[in-house]
Amino acid sequence: MWNNLAEPLTLNLEVETELPKVVVLRWGHRDRDKRLTSHVALTARALGASGFILADVKDEKVKATVDKVTKQWGGTFKFEMGVPWRKVVKEWRAKNGLVVHLTAYGENIQTSDALKRIKATGKDLLVIVGSRKVPTEFFSEAVSDYNVAIGNQPHSECSSLAVFLDRLFEGQELSKEFEGAKLKIIPQIRGKKVVRA
Ligand code: SAM
């Protein structure tokens with residue numbers, strides 16, 4: 001099905017950045033996955049992605065959780081939801097963006113040169129992560145430019161996304177300052193120190 005939501009779509013994920021922009025698309029959110037979807041979005045934000053799309057469905061609770069974190073801890077992370085995944089992929093590709101599908105069945109990030117090839121394009125990335133069994137189409141050229149495995153063992157959308165982003169940004173995202181933060185953690189050897197900015 002092309003569009004099971006009657007909303008017009010124009011993705012509003014424009015973010016000023018010198019690095020290629022990365023937006024994460026989460027496919028397959030179910031009621032029982034609420035917390036996991038929040039965790040995928042928070043992982044995306046904390047590890048350098050510019051935005052997150054919860055495909056096909058809307059979940060105001062998840063959006064509120066993620067937006068609250070962004071408001072308190074800073075940055076310009078954009079959360080979109082309810083957009084049909086096909087439409088996202090179509091628009092992304094029309095803007096010359098690259099689509100990377102994270103899957104245990106793909107090219108191994110450690111033993112292949114997939115990441116090198118992805119980086120060489122210099123293109124903005126739409127990173128698709130699934131939940132339950134994803135549509136077979138995700139593996140096809142019509143949807144994904146790359147199918148990348150974070151090791152060829154099944155694990156989780158959170159762990160695969162974290163490792164992918166960390167390798168993509170080569171760890172630099174971990175020392176990034178989040179602009180406009182109201183709260184900031186001051187790293188300690190022991191204990192917790194949080195200051196108001
Ligand atoms: N049984 C599911 C399948 O056949 O796709 C596995 C789903 S897994 C719990 C949920 C998502 O985590 C997958 O859709 C994929 O995006 C991601 N994932 C899990 N293991 C991965 C791996 N080794 N490499 C890359 N992504 C992985």
# chains A, B, ... in the order shown; residues from 1 in each chain; ligands from 1
>>> residues_around(residues="A:Asp145", least_positions_apart="3", cutoff="7 Å", atoms="only C-alpha atoms", output="MDAnalysis selection string")
chainID A and resid 98:100 141
>>> write_last_selection(atoms="C-alpha atoms", output="JSON list (two decimals), in the first residue's frame")
[["chain", "number", "residue", "atom", "x", "y", "z"],
["A", 98, "LEU", "CA", 21.05, 7.51, 0.48],
["A", 99, "VAL", "CA", 19.00, 4.80, 2.22],
["A", 100, "VAL", "CA", 20.73, 2.38, 4.59],
["A", 141, "GLU", "CA", 17.30, -1.76, -4.63]]
>>> closest_atom_pairs(of="chain A", to="ligand 1", cutoff="8 Å", atoms="only C-alpha atoms and all ligand atoms", output="Markdown table")
| residue | atom | partner | partner_atom_place_in_ligand_line | distance |
| --- | --- | --- | --- | --- |
| A:Trp27 | CA | ligand 1 | 14 (O) | 7.9 |
| A:His101 | CA | ligand 1 | 16 (O) | 6.8 |
| A:Leu102 | CA | ligand 1 | 26 (N) | 4.1 |
| A:Thr103 | CA | ligand 1 | 26 (N) | 3.6 |
| A:Ala104 | CA | ligand 1 | 22 (C) | 3.5 |
| A:Tyr105 | CA | ligand 1 | 24 (N) | 7.1 |
| A:Gly106 | CA | ligand 1 | 24 (N) | 7.2 |
| A:Asn108 | CA | ligand 1 | 24 (N) | 7.9 |
| A:Ile128 | CA | ligand 1 | 16 (O) | 6.6 |
| A:Val129 | CA | ligand 1 | 16 (O) | 3.5 |
| A:Gly130 | CA | ligand 1 | 14 (O) | 3.2 |
| A:Ser131 | CA | ligand 1 | 10 (C) | 3.8 |
| A:Arg132 | CA | ligand 1 | 7 (C) | 4.8 |
| A:Lys133 | CA | ligand 1 | 3 (C) | 4.1 |
| A:Val134 | CA | ligand 1 | 5 (O) | 5.4 |
| A:Val148 | CA | ligand 1 | 25 (C) | 6.1 |
| A:Ala149 | CA | ligand 1 | 24 (N) | 3.6 |
| A:Ile150 | CA | ligand 1 | 24 (N) | 3.8 |
| A:Gly151 | CA | ligand 1 | 23 (N) | 4.8 |
| A:Asn152 | CA | ligand 1 | 23 (N) | 4.8 |
| A:Gln153 | CA | ligand 1 | 23 (N) | 4.6 |
| A:Pro154 | CA | ligand 1 | 20 (N) | 3.8 |
| A:His155 | CA | ligand 1 | 20 (N) | 3.9 |
| A:Ser156 | CA | ligand 1 | 12 (O) | 4.0 |
| A:Glu157 | CA | ligand 1 | 12 (O) | 3.4 |
| A:Cys158 | CA | ligand 1 | 12 (O) | 7.0 |
| A:Ser159 | CA | ligand 1 | 18 (N) | 7.6 |
| A:Ser160 | CA | ligand 1 | 26 (N) | 4.8 |
| A:Leu161 | CA | ligand 1 | 26 (N) | 7.2 |
>>> closest_residue(among="A:Gln72, A:Thr136, A:Thr37, A:Ser112", to="A:Val195", atoms="only C-alpha atoms")
A:Gln72
>>> closest_residue(among="A:Glu173, A:Arg86, A:Phe138, A:Tyr146", to="A:Asp113", atoms="only C-alpha atoms")
A:Tyr146
>>> select_by_dssp(residues="stretch 73-186 of chain A", states="helix (DSSP H, G or I)", output="VMD selection string")
chain A and resid 73 85 to 94 114 to 121 136 to 139 157 to 168 172 to 175
>>> write_last_selection(atoms="N, CA and C atoms", output="CSV table (one decimal), in the first residue's frame")
chain,number,residue,atom,x,y,z
A,73,TRP,N,17.6,18.8,27.2
A,73,TRP,CA,19.0,18.5,27.0
A,73,TRP,C,19.6,19.1,25.8
A,85,TRP,N,6.1,4.9,5.2
A,85,TRP,CA,7.5,4.7,5.0
A,85,TRP,C,7.9,4.8,3.5
A,86,ARG,N,7.0,4.3,2.6
A,86,ARG,CA,7.3,4.4,1.2
A,86,ARG,C,7.5,5.9,0.7
A,87,LYS,N,6.6,6.7,1.3
A,87,LYS,CA,6.7,8.1,0.9
A,87,LYS,C,8.0,8.8,1.4
A,88,VAL,N,8.4,8.4,2.6
A,88,VAL,CA,9.6,8.9,3.2
A,88,VAL,C,10.8,8.5,2.2
A,89,VAL,N,10.8,7.2,1.9
A,89,VAL,CA,11.9,6.7,1.1
A,89,VAL,C,11.9,7.4,-0.3
A,90,LYS,N,10.7,7.5,-0.8
A,90,LYS,CA,10.6,8.2,-2.2
A,90,LYS,C,11.1,9.6,-2.1
A,91,GLU,N,10.7,10.4,-1.1
A,91,GLU,CA,11.1,11.8,-1.0
A,91,GLU,C,12.6,11.9,-0.7
A,92,TRP,N,13.1,11.0,0.1
A,92,TRP,CA,14.5,11.0,0.5
A,92,TRP,C,15.4,10.8,-0.8
A,93,ARG,N,15.0,9.8,-1.6
A,93,ARG,CA,15.7,9.5,-2.8
A,93,ARG,C,15.6,10.6,-3.8
A,94,ALA,N,14.5,11.2,-3.9
A,94,ALA,CA,14.3,12.3,-4.8
A,94,ALA,C,15.2,13.4,-4.5
A,114,ALA,N,31.4,-1.7,3.2
A,114,ALA,CA,30.1,-1.0,3.1
A,114,ALA,C,30.2,0.4,3.6
A,115,LEU,N,30.7,0.5,4.8
A,115,LEU,CA,30.7,1.8,5.5
A,115,LEU,C,31.6,2.8,4.7
A,116,LYS,N,32.7,2.3,4.2
A,116,LYS,CA,33.6,3.1,3.4
A,116,LYS,C,32.9,3.6,2.2
A,117,ARG,N,32.1,2.7,1.5
A,117,ARG,CA,31.4,3.1,0.3
A,117,ARG,C,30.3,4.1,0.7
A,118,ILE,N,29.6,3.9,1.8
A,118,ILE,CA,28.6,4.8,2.2
A,118,ILE,C,29.2,6.2,2.4
A,119,LYS,N,30.2,6.3,3.2
A,119,LYS,CA,30.9,7.6,3.5
A,119,LYS,C,31.4,8.3,2.3
A,120,ALA,N,31.9,7.5,1.3
A,120,ALA,CA,32.4,8.1,0.1
A,120,ALA,C,31.4,8.9,-0.7
A,121,THR,N,30.1,8.5,-0.5
A,121,THR,CA,29.1,9.2,-1.3
A,121,THR,C,28.9,10.6,-0.8
A,136,THR,N,10.0,-7.7,2.8
A,136,THR,CA,11.1,-8.1,2.0
A,136,THR,C,11.6,-7.0,1.1
A,137,GLU,N,10.7,-6.1,0.7
A,137,GLU,CA,11.1,-4.9,-0.1
A,137,GLU,C,12.3,-4.1,0.5
A,138,PHE,N,12.4,-4.1,1.8
A,138,PHE,CA,13.4,-3.3,2.4
A,138,PHE,C,14.8,-3.7,1.9
A,139,PHE,N,14.9,-4.9,1.5
A,139,PHE,CA,16.2,-5.4,1.1
A,139,PHE,C,16.5,-5.1,-0.4
A,157,GLU,N,17.3,-3.2,17.4
A,157,GLU,CA,17.3,-1.9,16.6
A,157,GLU,C,18.1,-0.9,17.3
A,158,CYS,N,18.1,-0.9,18.7
A,158,CYS,CA,18.8,0.1,19.4
A,158,CYS,C,20.4,-0.1,19.3
A,159,SER,N,20.8,-1.4,19.6
A,159,SER,CA,22.2,-1.7,19.5
A,159,SER,C,22.8,-1.5,18.1
A,160,SER,N,22.0,-1.9,17.1
A,160,SER,CA,22.5,-1.8,15.8
A,160,SER,C,22.7,-0.4,15.4
A,161,LEU,N,21.7,0.4,15.7
A,161,LEU,CA,21.7,1.9,15.4
A,161,LEU,C,22.9,2.5,16.1
A,162,ALA,N,23.1,2.2,17.4
A,162,ALA,CA,24.2,2.9,18.2
A,162,ALA,C,25.5,2.6,17.5
A,163,VAL,N,25.7,1.3,17.2
A,163,VAL,CA,27.0,0.9,16.6
A,163,VAL,C,27.2,1.6,15.3
A,164,PHE,N,26.2,1.6,14.5
A,164,PHE,CA,26.3,2.2,13.1
A,164,PHE,C,26.6,3.7,13.2
A,165,LEU,N,25.9,4.4,14.1
A,165,LEU,CA,26.1,5.8,14.2
A,165,LEU,C,27.5,6.1,14.7
A,166,ASP,N,27.9,5.3,15.7
A,166,ASP,CA,29.2,5.6,16.3
A,166,ASP,C,30.3,5.3,15.3
A,167,ARG,N,30.2,4.3,14.4
A,167,ARG,CA,31.2,4.1,13.4
A,167,ARG,C,31.1,5.1,12.3
A,168,LEU,N,29.9,5.6,12.0
A,168,LEU,CA,29.8,6.6,10.9
A,168,LEU,C,30.4,7.9,11.4
A,172,GLN,N,33.0,11.0,17.2
A,172,GLN,CA,32.9,12.4,17.5
A,172,GLN,C,31.6,12.9,18.1
A,173,GLU,N,30.6,12.1,17.8
A,173,GLU,CA,29.2,12.5,18.3
A,173,GLU,C,29.2,12.5,19.8
A,174,LEU,N,30.1,11.7,20.4
A,174,LEU,CA,30.0,11.5,21.8
A,174,LEU,C,30.5,12.7,22.6
A,175,SER,N,31.2,13.6,22.0
A,175,SER,CA,31.7,14.8,22.7
A,175,SER,C,30.9,16.1,22.2
>>> residues_around(residues="A:Ala64", least_positions_apart="6", cutoff="10 Å", atoms="only C-alpha atoms", output="list in words")
Ser38, Thr70 and Phe79 of chain A
>>> write_last_selection(atoms="C-alpha atoms", output="compact mmCIF listing (two decimals), in the first residue's frame")
# COMPACT_ATOMS: atom_id res chain seq x y z
CA SER A 38 11.53 5.88 22.53
CA THR A 70 15.34 17.56 23.43
CA PHE A 79 10.64 13.99 15.59
>>> residues_around(residues="A:Val69", least_positions_apart="3", cutoff="12 Å", atoms="only C-alpha atoms", output="mmCIF file with N, CA and C atoms, in the first residue's frame")
data_model
loop_
_atom_site.group_PDB
_atom_site.id
_atom_site.type_symbol
_atom_site.label_atom_id
_atom_site.label_comp_id
_atom_site.auth_asym_id
_atom_site.auth_seq_id
_atom_site.Cartn_x
_atom_site.Cartn_y
_atom_site.Cartn_z
ATOM 1 N N SER A 38 10.928 4.700 21.874
ATOM 2 C CA SER A 38 11.531 5.878 22.534
ATOM 3 C C SER A 38 13.038 5.706 22.622
ATOM 4 N N HIS A 39 13.459 4.509 22.972
ATOM 5 C CA HIS A 39 14.901 4.278 23.122
ATOM 6 C C HIS A 39 15.628 4.397 21.785
ATOM 7 N N ALA A 41 14.707 6.336 19.328
ATOM 8 C CA ALA A 41 14.759 7.770 19.020
ATOM 9 C C ALA A 41 15.801 8.473 19.885
ATOM 10 N N LEU A 42 15.863 8.119 21.158
ATOM 11 C CA LEU A 42 16.840 8.766 22.042
ATOM 12 C C LEU A 42 18.265 8.363 21.677
ATOM 13 N N THR A 43 18.421 7.142 21.225
ATOM 14 C CA THR A 43 19.736 6.699 20.737
ATOM 15 C C THR A 43 20.123 7.511 19.509
ATOM 16 N N ARG A 45 19.147 10.498 18.671
ATOM 17 C CA ARG A 45 19.472 11.866 19.077
ATOM 18 C C ARG A 45 20.843 11.948 19.744
ATOM 19 N N ALA A 46 21.060 11.068 20.719
ATOM 20 C CA ALA A 46 22.299 11.145 21.502
ATOM 21 C C ALA A 46 23.531 10.813 20.661
ATOM 22 N N VAL A 62 5.147 8.771 22.813
ATOM 23 C CA VAL A 62 6.565 8.624 22.447
ATOM 24 C C VAL A 62 7.113 9.977 22.003
ATOM 25 N N LYS A 63 6.345 10.685 21.200
ATOM 26 C CA LYS A 63 6.790 12.000 20.717
ATOM 27 C C LYS A 63 7.028 12.946 21.900
ATOM 28 N N ALA A 64 6.094 12.931 22.868
ATOM 29 C CA ALA A 64 6.231 13.814 24.021
ATOM 30 C C ALA A 64 7.501 13.487 24.811
ATOM 31 N N THR A 65 7.772 12.206 24.968
ATOM 32 C CA THR A 65 8.972 11.784 25.707
ATOM 33 C C THR A 65 10.234 12.306 25.032
ATOM 34 N N VAL A 66 10.297 12.120 23.721
ATOM 35 C CA VAL A 66 11.509 12.495 22.983
ATOM 36 C C VAL A 66 11.641 14.020 22.919
ATOM 37 N N GLN A 72 14.921 19.750 27.188
ATOM 38 C CA GLN A 72 15.744 19.887 28.394
ATOM 39 C C GLN A 72 17.233 19.774 28.117
ATOM 40 N N TRP A 73 17.572 18.842 27.219
ATOM 41 C CA TRP A 73 18.998 18.512 27.042
ATOM 42 C C TRP A 73 19.591 19.111 25.765
ATOM 43 N N GLY A 74 18.767 19.860 25.024
ATOM 44 C CA GLY A 74 19.294 20.664 23.928
ATOM 45 C C GLY A 74 19.300 20.006 22.556
ATOM 46 N N GLY A 75 19.777 20.797 21.596
ATOM 47 C CA GLY A 75 19.873 20.321 20.221
ATOM 48 C C GLY A 75 18.616 20.617 19.424
ATOM 49 N N THR A 76 18.668 20.190 18.156
ATOM 50 C CA THR A 76 17.574 20.518 17.236
ATOM 51 C C THR A 76 16.933 19.251 16.658
ATOM 52 N N PHE A 77 16.962 18.189 17.435
ATOM 53 C CA PHE A 77 16.449 16.900 16.959
ATOM 54 C C PHE A 77 14.969 17.007 16.586
ATOM 55 N N LYS A 78 14.653 16.551 15.373
ATOM 56 C CA LYS A 78 13.269 16.634 14.889
ATOM 57 C C LYS A 78 12.588 15.262 14.941
ATOM 58 N N PHE A 79 11.406 15.237 15.501
ATOM 59 C CA PHE A 79 10.636 13.994 15.592
ATOM 60 C C PHE A 79 9.400 14.111 14.692
ATOM 61 N N PHE A 178 25.252 20.034 22.920
ATOM 62 C CA PHE A 178 23.884 20.221 22.437
ATOM 63 C C PHE A 178 23.444 21.660 22.736
ATOM 64 N N ALA A 181 20.763 23.756 25.571
ATOM 65 C CA ALA A 181 20.386 22.821 26.639
ATOM 66 C C ALA A 181 20.026 23.581 27.915
ATOM 67 N N LYS A 182 19.002 23.107 28.598
ATOM 68 C CA LYS A 182 18.659 23.681 29.908
ATOM 69 C C LYS A 182 19.425 22.950 30.996
ATOM 70 N N LEU A 183 19.716 21.707 30.733
ATOM 71 C CA LEU A 183 20.446 20.882 31.698
ATOM 72 C C LEU A 183 21.703 20.336 31.041
ATOM 73 N N LYS A 184 22.763 20.230 31.852
ATOM 74 C CA LYS A 184 23.999 19.695 31.310
ATOM 75 C C LYS A 184 24.672 18.822 32.360
#
>>> select_by_dssp(residues="stretch 10-190 of chain A", states="strand (DSSP E or B)", output="ChimeraX atom specification")
/A:22-26,51-55,78-83,98-108,125-129,146-149,183-185
>>> write_last_selection(atoms="C-alpha atoms", output="mmCIF file, in the first residue's frame")
data_model
loop_
_atom_site.group_PDB
_atom_site.id
_atom_site.type_symbol
_atom_site.label_atom_id
_atom_site.label_comp_id
_atom_site.auth_asym_id
_atom_site.auth_seq_id
_atom_site.Cartn_x
_atom_site.Cartn_y
_atom_site.Cartn_z
ATOM 1 C CA VAL A 22 21.281 11.357 9.244
ATOM 2 C CA VAL A 23 17.612 10.684 9.820
ATOM 3 C CA VAL A 24 16.433 7.420 11.376
ATOM 4 C CA LEU A 25 13.244 5.745 10.206
ATOM 5 C CA ARG A 26 11.685 3.318 12.664
ATOM 6 C CA GLY A 51 15.908 13.507 13.176
ATOM 7 C CA PHE A 52 13.642 10.526 13.607
ATOM 8 C CA ILE A 53 10.586 9.323 11.750
ATOM 9 C CA LEU A 54 8.121 6.929 13.321
ATOM 10 C CA ALA A 55 6.722 5.466 10.129
ATOM 11 C CA LYS A 78 13.269 16.634 14.889
ATOM 12 C CA PHE A 79 10.636 13.994 15.592
ATOM 13 C CA GLU A 80 8.125 13.162 12.849
ATOM 14 C CA MET A 81 5.462 10.465 12.904
ATOM 15 C CA GLY A 82 2.595 8.968 10.962
ATOM 16 C CA VAL A 83 4.357 9.241 7.632
ATOM 17 C CA LEU A 98 21.048 7.515 0.484
ATOM 18 C CA VAL A 99 19.001 4.805 2.219
ATOM 19 C CA VAL A 100 20.728 2.380 4.586
ATOM 20 C CA HIS A 101 18.747 -0.538 5.969
ATOM 21 C CA LEU A 102 20.205 -2.064 9.124
ATOM 22 C CA THR A 103 19.689 -5.803 9.101
ATOM 23 C CA ALA A 104 21.493 -8.846 10.435
ATOM 24 C CA TYR A 105 21.385 -10.245 6.871
ATOM 25 C CA GLY A 106 23.307 -7.396 5.243
ATOM 26 C CA GLU A 107 26.940 -6.657 4.495
ATOM 27 C CA ASN A 108 28.928 -6.991 7.673
ATOM 28 C CA LEU A 125 21.485 9.141 5.084
ATOM 29 C CA LEU A 126 18.109 7.724 5.897
ATOM 30 C CA VAL A 127 18.790 4.810 8.249
ATOM 31 C CA ILE A 128 15.958 2.280 8.452
ATOM 32 C CA VAL A 129 15.599 0.058 11.490
ATOM 33 C CA TYR A 146 22.801 -0.567 1.353
ATOM 34 C CA ASN A 147 21.831 -3.404 3.656
ATOM 35 C CA VAL A 148 24.262 -3.222 6.547
ATOM 36 C CA ALA A 149 24.741 -5.747 9.331
ATOM 37 C CA LEU A 183 20.446 20.882 31.698
ATOM 38 C CA LYS A 184 23.999 19.695 31.310
ATOM 39 C CA ILE A 185 25.823 16.776 32.880
#
>>> closest_residue(among="A:Asn96, A:Arg196, A:Asp124, A:Gly48", to="A:Gly171", atoms="only C-alpha atoms")
A:Gly48
>>> atom_distance(atom1="atom CA of A:Ala44", atom2="atom CA of A:Ala197")
23.0 Å
>>> closest_residue(among="A:Ser144, A:Ile189, A:Gly28, A:Gly180", to="A:Val57", atoms="only C-alpha atoms")
A:Gly28
>>> atom_distance(atom1="atom CA of A:Val40", atom2="atom CA of A:Val194")
23.8 Å
>>> atom_distance(atom1="atom CA of A:Gly97", atom2="atom CA of A:Pro20")
9.5 Å
>>> closest_residue(among="A:Lys95, A:Thr111, A:Arg30, A:Ala142", to="A:Lys123", atoms="only C-alpha atoms")
A:Lys95
>>> decode(residues="stretch 138-196 of chain A", atoms="C-alpha atoms", output="compact mmCIF listing (two decimals), in the first residue's frame")
# COMPACT_ATOMS: atom_id res chain seq x y z
CA PHE A 138 13.41 -3.29 2.42
CA PHE A 139 16.23 -5.44 1.05
CA SER A 140 15.61 -4.43 -2.56
CA GLU A 141 17.30 -1.76 -4.63
CA ALA A 142 13.99 0.01 -4.84
CA VAL A 143 14.20 0.80 -1.12
CA SER A 144 17.71 0.46 0.23
CA ASP A 145 21.02 1.45 -1.31
CA TYR A 146 22.80 -0.57 1.35
CA ASN A 147 21.83 -3.40 3.66
CA VAL A 148 24.26 -3.22 6.55
CA ALA A 149 24.74 -5.75 9.33
CA ILE A 150 26.22 -4.88 12.69
CA GLY A 151 27.59 -8.38 12.86
CA ASN A 152 25.52 -11.18 11.36
CA GLN A 153 23.80 -12.15 14.59
CA PRO A 154 20.30 -10.94 15.41
CA HIS A 155 20.14 -8.41 18.24
CA SER A 156 18.22 -5.15 18.41
CA GLU A 157 17.32 -1.93 16.60
CA CYS A 158 18.85 0.09 19.44
CA SER A 159 22.20 -1.67 19.54
CA SER A 160 22.54 -1.82 15.76
CA LEU A 161 21.71 1.87 15.40
CA ALA A 162 24.16 2.85 18.16
CA VAL A 163 27.05 0.95 16.63
CA PHE A 164 26.27 2.18 13.12
CA LEU A 165 26.13 5.85 14.15
CA ASP A 166 29.23 5.57 16.28
CA ARG A 167 31.20 4.09 13.39
CA LEU A 168 29.76 6.58 10.93
CA PHE A 169 30.70 9.58 13.08
CA GLU A 170 33.88 7.90 14.36
CA GLY A 171 33.02 8.64 17.98
CA GLN A 172 32.94 12.41 17.48
CA GLU A 173 29.23 12.53 18.25
CA LEU A 174 29.99 11.49 21.84
CA SER A 175 31.65 14.81 22.68
CA LYS A 176 29.12 16.95 20.86
CA GLU A 177 27.66 19.96 22.70
CA PHE A 178 23.88 20.22 22.44
CA GLU A 179 22.94 23.85 21.82
CA GLY A 180 20.27 25.49 23.92
CA ALA A 181 20.39 22.82 26.64
CA LYS A 182 18.66 23.68 29.91
CA LEU A 183 20.45 20.88 31.70
CA LYS A 184 24.00 19.69 31.31
CA ILE A 185 25.82 16.78 32.88
CA ILE A 186 29.29 17.50 34.23
CA PRO A 187 31.12 14.19 34.04
CA GLN A 188 32.32 12.92 37.39
CA ILE A 189 34.55 10.08 38.49
CA ARG A 190 31.81 9.28 41.00
CA GLY A 191 28.37 10.64 41.72
CA LYS A 192 26.12 12.85 39.64
CA LYS A 193 26.50 16.51 38.76
CA VAL A 194 23.90 18.26 36.64
CA VAL A 195 23.96 22.02 36.09
CA ARG A 196 21.35 24.39 34.71
